[in-house]
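Asker: Supplied in structure tokens, the structure appears directly below.
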Amino acid sequence: MTIATDQLVADAETRAAREARRQRWFSRITKIEGYLSVLGLGFVVPILKMIGGDNVKTQSKELWRLAGVPIVAMVIFLGIWAVLAPRVQTSLGAIPGPAEVWEQVTVLVADHNAERAKEKAFYERQDKRNAELRAADPNAEIKVRSYVGKPTYIDKILTSLKTVFTGFLIGTAMAIPLGILAGLSPTVNAAINPFVQIFKPVSPLAWLPLVTMVVSALYTSTDPMFEKSFLVSAITVTLCSLWPTLINTSLGVASIDKDLMNVAKVLRLGWAKKVFKLVIPSSLPLIFTGMRLSLGVGWMVLIAAEMLAQNPGLGKFVWDEFQNGSSSSLARIMVAVFTIGIIGFLLDRVMYALQAAFTFSGKR
């Protein structure tokens, strides 16, 4: 009896330990579930739950919904594209299918790697030549030249990102203070509202000529820090993208619980302390929503701005390929289209992740 009892006790302890490990596992999954969803990795959660011993059938359905359905939809899209594309003839030939577009992706990446190899070889030759000059004459004048090569497709992506973030940050720095003032003061809101209603619908194509002329008139340095085309594109992005942040900030501030504002009055908080300790933290969710919308608008506007301002980014790449008219131009334009879409999605995910990190909701 003693041996049997000891065995039962040991089995019970084993089951209890296993159940405790299981509970810890699911507790960790619950903690990271929100962050995985923010990053677009929600499909990992059902896999982790199946590993933890949850119902396989239930989690398989959830995995199919989160990962299987999007994959099948993408495969169907690629199949339809591959079948229909050759049937559409243009002045540059048939619309390229997925295979032709992927081929141009590899070509553009290979061009980038070749250009970086040339740059590396250039600096190695320059360093070797300068070292020989120093060895021959320690007082010799050493010239260091920068590599001047054609910007690659990756370089153009980086240029576009730098431009859009410059315009977005300038717009945010203008929109948030104005939005806070408009939300706190009905008088300021009444003053700002007409400008919002008038300028918010204006197309970047209308702003570009005005911005170009103003920048050309005021930015006349002989040794400019920034190219004029970069400034024109960035300022156009600012003018078109600041409105969602301004509107949402104003709405967020105006929607703060009046009891909280009354508490600030009771505590006799100064204006600055009230804004930074109460107003901004309470309105952060809507501020971030506005910033997400503004960044999306800015990225969309940027391509048109770069086309006309000839800023060496993705917009200019699309325009140059359209003007080029070679057999690979259509495929390269489609590479740019997918690149623009994917980067736009990633930018939104980044802003969503920042929003989740700095604000709180019922799910976190």
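Starting from 1 in every chain, residues are counted up; chains themselves are A, B, ... following the order of the structure tokens, and ligands are numbered from 1 as listed.
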Pick out the residues sitting within 10 Å of segment 353-357 of chain A, and hand them over as a count of residues only; count only C-alpha atoms, and ignore anything fewer than 5 positions along from it in its own chain.
Answerer: 19
Asker: Where does DSSP see strand (DSSP E or B) in segment 19-138 of chain A, if you list the residues as a PyMOL selection string?
Answerer: chain A and resi 89-90+93-94
Asker: Export, as a PDB file, in the first residue's frame, the selected residues with N, CA, C and O atoms.
Answerer:
ATOM      1  N   GLN A  89      -1.689  44.000 -74.253  1.00  0.00           N
ATOM      2  CA  GLN A  89      -0.576  44.542 -75.026  1.00  0.00           C
ATOM      3  C   GLN A  89      -0.560  46.070 -74.924  1.00  0.00           C
ATOM      4  O   GLN A  89      -1.599  46.723 -75.041  1.00  0.00           O
ATOM      5  N   THR A  90       0.619  46.628 -74.702  1.00  0.00           N
ATOM      6  CA  THR A  90       0.790  48.069 -74.638  1.00  0.00           C
ATOM      7  C   THR A  90       1.817  48.492 -75.682  1.00  0.00           C
ATOM      8  O   THR A  90       2.358  47.654 -76.425  1.00  0.00           O
ATOM      9  N   GLY A  93       4.922  46.620 -75.156  1.00  0.00           N
ATOM     10  CA  GLY A  93       4.827  45.165 -75.122  1.00  0.00           C
ATOM     11  C   GLY A  93       3.781  44.717 -74.118  1.00  0.00           C
ATOM     12  O   GLY A  93       3.003  45.515 -73.585  1.00  0.00           O
ATOM     13  N   ALA A  94       3.765  43.420 -73.853  1.00  0.00           N
ATOM     14  CA  ALA A  94       2.769  42.853 -72.946  1.00  0.00           C
ATOM     15  C   ALA A  94       3.059  43.267 -71.504  1.00  0.00           C
ATOM     16  O   ALA A  94       4.204  43.526 -71.130  1.00  0.00           O
TER      17      ALA A  94
END
Asker: Could you state the separation of atom CA of Leu330 of chain A and atom CA of Val101 of chain A in Å, given to one decimal place?
Answerer: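 Atom CA of Val101 of chain A lies at a distance of 8.6 Å from atom CA of Leu330 of chain A.
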Asker: Restricting the calculation to only C-alpha atoms: of A:Ile95, A:Val318, A:Ala173, A:Ile256, which residue gets closest to Ile333 of chain A?
Answerer: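 Smallest separation from Ile333 of chain A among the options: A:Val318.
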Asker: If we count only C-alpha atoms and set the cut-off at 9 Å, which residues sit around segment 142-150 of chain A, ignoring sequence neighbours fewer than 2 positions away in its own chain? Please answer as a VMD selection string.
Answerer: chain A and resid 115 118 to 119 122 to 123 126 to 127 130 133 to 134 139 to 140 152
Asker: Grab the atom CA of Ser60 of chain A to atom CA of Leu41 of chain A distance for me, in Å with one decimal place.
Answerer: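 Computing it gives 15.6 Å between the two atoms.
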Asker: For Phe345 of chain A, which residue out of A:Ile170, A:Leu246, A:Leu293, A:Ala82 is the nearest one, using only C-alpha atoms?
Answerer: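 Answer, going by the shortest atom-to-atom distance: A:Leu293.
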Asker: May I ask which of the residues A:Gly298, A:Ile51, A:Thr187, A:Tyr219 is the closest one to Phe165 of chain A, counting only C-alpha atoms?
Answerer: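 Checking each candidate against Phe165 of chain A, we get A:Gly298 as the closest.
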Asker: Give me every helix (DSSP H, G or I) residue in segment 81-308 of chain A, going by DSSP on the backbone, as JSON, numbers by chain.
Answerer: {"A": [81, 82, 83, 84, 85, 86, 87, 98, 99, 100, 101, 102, 103, 104, 105, 106, 107, 108, 109, 110, 111, 112, 113, 114, 115, 116, 117, 118, 119, 120, 121, 122, 123, 124, 125, 126, 127, 128, 129, 130, 131, 132, 133, 134, 135, 136, 153, 154, 155, 156, 157, 158, 159, 160, 161, 162, 163, 164, 165, 166, 167, 168, 169, 170, 171, 172, 173, 174, 175, 176, 177, 178, 179, 180, 181, 182, 183, 184, 186, 187, 188, 189, 190, 191, 192, 193, 194, 195, 196, 197, 198, 199, 204, 205, 206, 207, 208, 209, 210, 211, 212, 213, 214, 215, 216, 217, 218, 228, 229, 230, 231, 232, 233, 234, 235, 236, 237, 238, 239, 240, 241, 242, 243, 244, 245, 246, 247, 248, 249, 250, 251, 252, 253, 254, 258, 259, 260, 261, 262, 263, 264, 265, 266, 271, 272, 273, 274, 275, 276, 277, 278, 279, 280, 281, 282, 283, 284, 285, 286, 287, 288, 289, 290, 291, 292, 293, 294, 295, 296, 297, 298, 299, 300, 301, 302, 303, 304, 305, 306, 307, 308]}
Asker: Can you work out which one of A:Val109, A:Ala99, A:Leu251, A:Leu231 has the shortest atom-to-atom distance to Asn311 of chain A, counting only C-alpha atoms?
Answerer: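 Selected residue with least distance to Asn311 of chain A: A:Leu231.
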Asker: Have a look at A:Asn113, A:Ser327, A:Gln23, A:Asn193 and name the one nearest to Lys49 of chain A; count only C-alpha atoms.
Answerer: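 Between A:Asn113, A:Ser327, A:Gln23, A:Asn193, the residue approaching Lys49 of chain A most closely is A:Gln23.
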Asker: Name all residues at most 10 Å from segment 257-266 of chain A (count only C-alpha atoms; drop same-chain ones fewer than 4 positions away) and give them as a short mmCIF file (atom, residue, chain, number, x, y, z; two decimals) with all heavy atoms, in the first residue's frame.
Answerer:
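Saved as result08.cif:
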data_model
loop_
_atom_site.label_atom_id
_atom_site.label_comp_id
_atom_site.auth_asym_id
_atom_site.auth_seq_id
_atom_site.Cartn_x
_atom_site.Cartn_y
_atom_site.Cartn_z
N VAL A 253 -7.69 66.25 -27.76
CA VAL A 253 -7.62 67.20 -26.64
C VAL A 253 -9.02 67.64 -26.23
O VAL A 253 -9.34 67.73 -25.03
CB VAL A 253 -6.75 68.41 -27.02
CG1 VAL A 253 -6.81 69.47 -25.93
CG2 VAL A 253 -5.30 67.97 -27.25
N GLY A 270 -0.07 74.69 -13.50
CA GLY A 270 0.30 75.66 -14.52
C GLY A 270 -0.05 75.16 -15.90
O GLY A 270 -0.26 73.96 -16.12
N TRP A 271 -0.06 76.10 -16.88
CA TRP A 271 -0.46 75.71 -18.24
C TRP A 271 0.46 74.64 -18.80
O TRP A 271 -0.01 73.63 -19.35
CB TRP A 271 -0.45 76.94 -19.14
CG TRP A 271 -1.07 76.67 -20.48
CD1 TRP A 271 -2.39 76.74 -20.82
CD2 TRP A 271 -0.39 76.25 -21.68
NE1 TRP A 271 -2.58 76.40 -22.13
CE2 TRP A 271 -1.36 76.10 -22.69
CE3 TRP A 271 0.95 75.99 -21.99
CZ2 TRP A 271 -1.04 75.71 -23.99
CZ3 TRP A 271 1.27 75.60 -23.27
CH2 TRP A 271 0.29 75.46 -24.26
N LYS A 273 2.44 72.50 -17.21
CA LYS A 273 2.32 71.23 -16.49
C LYS A 273 1.01 70.53 -16.86
O LYS A 273 0.97 69.31 -17.00
CB LYS A 273 2.39 71.48 -14.98
CG LYS A 273 2.39 70.21 -14.14
CD LYS A 273 2.68 70.48 -12.67
CE LYS A 273 4.14 70.90 -12.47
NZ LYS A 273 4.47 71.00 -11.03
N LYS A 274 -0.05 71.29 -17.03
CA LYS A 274 -1.33 70.70 -17.42
C LYS A 274 -1.23 70.03 -18.79
O LYS A 274 -1.74 68.94 -19.00
CB LYS A 274 -2.41 71.77 -17.43
CG LYS A 274 -3.80 71.24 -17.80
CD LYS A 274 -4.86 72.31 -17.69
CE LYS A 274 -4.70 73.38 -18.76
NZ LYS A 274 -5.84 74.33 -18.75
N VAL A 275 -0.54 70.71 -19.71
CA VAL A 275 -0.41 70.16 -21.06
C VAL A 275 0.41 68.88 -21.07
O VAL A 275 0.01 67.86 -21.66
CB VAL A 275 0.23 71.22 -22.00
CG1 VAL A 275 0.64 70.57 -23.33
CG2 VAL A 275 -0.75 72.35 -22.25
N LYS A 277 1.44 66.93 -18.42
CA LYS A 277 1.08 65.89 -17.45
C LYS A 277 -0.32 65.33 -17.66
O LYS A 277 -0.61 64.20 -17.26
CB LYS A 277 1.18 66.45 -16.02
CG LYS A 277 2.58 66.86 -15.60
CD LYS A 277 3.48 65.65 -15.43
CE LYS A 277 4.84 66.08 -14.87
NZ LYS A 277 5.75 64.93 -14.69
N LEU A 278 -1.20 66.12 -18.31
CA LEU A 278 -2.59 65.70 -18.43
C LEU A 278 -3.08 65.64 -19.87
O LEU A 278 -3.57 64.60 -20.33
CB LEU A 278 -3.48 66.67 -17.63
CG LEU A 278 -4.99 66.45 -17.69
CD1 LEU A 278 -5.34 65.10 -17.10
CD2 LEU A 278 -5.71 67.56 -16.95
N VAL A 279 -2.91 66.74 -20.59
CA VAL A 279 -3.51 66.84 -21.92
C VAL A 279 -2.88 65.86 -22.91
O VAL A 279 -3.57 65.08 -23.56
CB VAL A 279 -3.39 68.29 -22.45
CG1 VAL A 279 -3.83 68.37 -23.92
CG2 VAL A 279 -4.23 69.22 -21.59
N SER A 282 -3.42 62.05 -22.13
CA SER A 282 -4.81 61.64 -22.31
C SER A 282 -5.21 61.58 -23.78
O SER A 282 -6.10 60.81 -24.15
CB SER A 282 -5.75 62.62 -21.57
OG SER A 282 -5.48 62.63 -20.19
#
Asker: When distances are computed from only C-alpha atoms, which of A:Pro70, A:Gly313, A:Gly296, A:Gly325 shows the smallest separation from Gly344 of chain A?
Answerer: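 Looking only at the distances to Gly344 of chain A, the closest residue turns out to be A:Gly296.
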Asker: Quick one: everything within 10 Å of Asp155 of chain A, counting only C-alpha atoms, minus sequence neighbours fewer than 6 positions away in the same chain. Send it as an mmCIF file with C-alpha atoms, in the first residue's frame.
Answerer:
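Below is the file part-v6.cif, written as the result:
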data_model
loop_
_atom_site.group_PDB
_atom_site.id
_atom_site.type_symbol
_atom_site.label_atom_id
_atom_site.label_comp_id
_atom_site.auth_asym_id
_atom_site.auth_seq_id
_atom_site.Cartn_x
_atom_site.Cartn_y
_atom_site.Cartn_z
ATOM 1 C CA HIS A 112 23.164 47.799 -56.407
ATOM 2 C CA LEU A 161 12.419 57.443 -46.904
ATOM 3 C CA PRO A 312 16.230 61.175 -56.944
ATOM 4 C CA GLY A 313 13.834 58.816 -55.152
ATOM 5 C CA LEU A 314 11.233 56.246 -56.126
#
Asker: Between atom CA of Arg116 of chain A and atom CA of Lys156 of chain A, measure the distance and give it in Å to one decimal.
Answerer: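 These two atoms are separated by 13.9 Å.
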Asker: Which polymer residues have any atom within 12 Å of an atom of Val188 of chain A, counting only C-alpha atoms, with same-chain residues fewer than 5 positions away left out, as a ChimeraX atom specification?
Answerer: /A:177-183,193-195,250
Asker: Considering only C-alpha atoms, return as a ChimeraX atom specification whatever protein or nucleic-acid residues lie within 7 Å of segment 300-310 of chain A, sequence-local ones (same chain, fewer than 6 positions apart) excluded.
Answerer: /A:164,204,208,229,232-233,236-237,316,319
Asker: Output N, CA and C atoms for every residue in the selection just made, as a CSV table (one decimal), in the first residue's frame.
Answerer:
chain,number,residue,atom,x,y,z
A,164,VAL,N,10.4,61.6,-47.0
A,164,VAL,CA,9.1,61.5,-46.4
A,164,VAL,C,9.2,61.7,-44.8
A,204,PRO,N,-1.1,67.7,-54.1
A,204,PRO,CA,0.3,68.0,-54.1
A,204,PRO,C,0.7,68.6,-55.5
A,208,LEU,N,3.1,72.0,-55.6
A,208,LEU,CA,4.5,71.9,-56.2
A,208,LEU,C,4.9,73.1,-56.9
A,229,SER,N,15.6,70.1,-54.9
A,229,SER,CA,14.6,69.1,-55.2
A,229,SER,C,14.2,68.3,-54.0
A,232,VAL,N,11.9,70.8,-51.9
A,232,VAL,CA,10.6,70.9,-52.6
A,232,VAL,C,9.8,69.7,-52.3
A,233,SER,N,10.3,68.5,-52.4
A,233,SER,CA,9.6,67.3,-52.1
A,233,SER,C,9.2,67.2,-50.6
A,236,THR,N,6.5,69.8,-49.7
A,236,THR,CA,5.2,69.4,-50.3
A,236,THR,C,4.6,68.3,-49.5
A,237,VAL,N,5.4,67.3,-49.0
A,237,VAL,CA,4.9,66.3,-48.1
A,237,VAL,C,4.3,66.9,-46.8
A,316,LYS,N,11.0,59.6,-59.0
A,316,LYS,CA,11.8,59.9,-60.2
A,316,LYS,C,12.2,58.6,-60.9
A,319,TRP,N,9.2,57.7,-63.0
A,319,TRP,CA,9.1,58.7,-64.2
A,319,TRP,C,10.2,58.4,-65.2
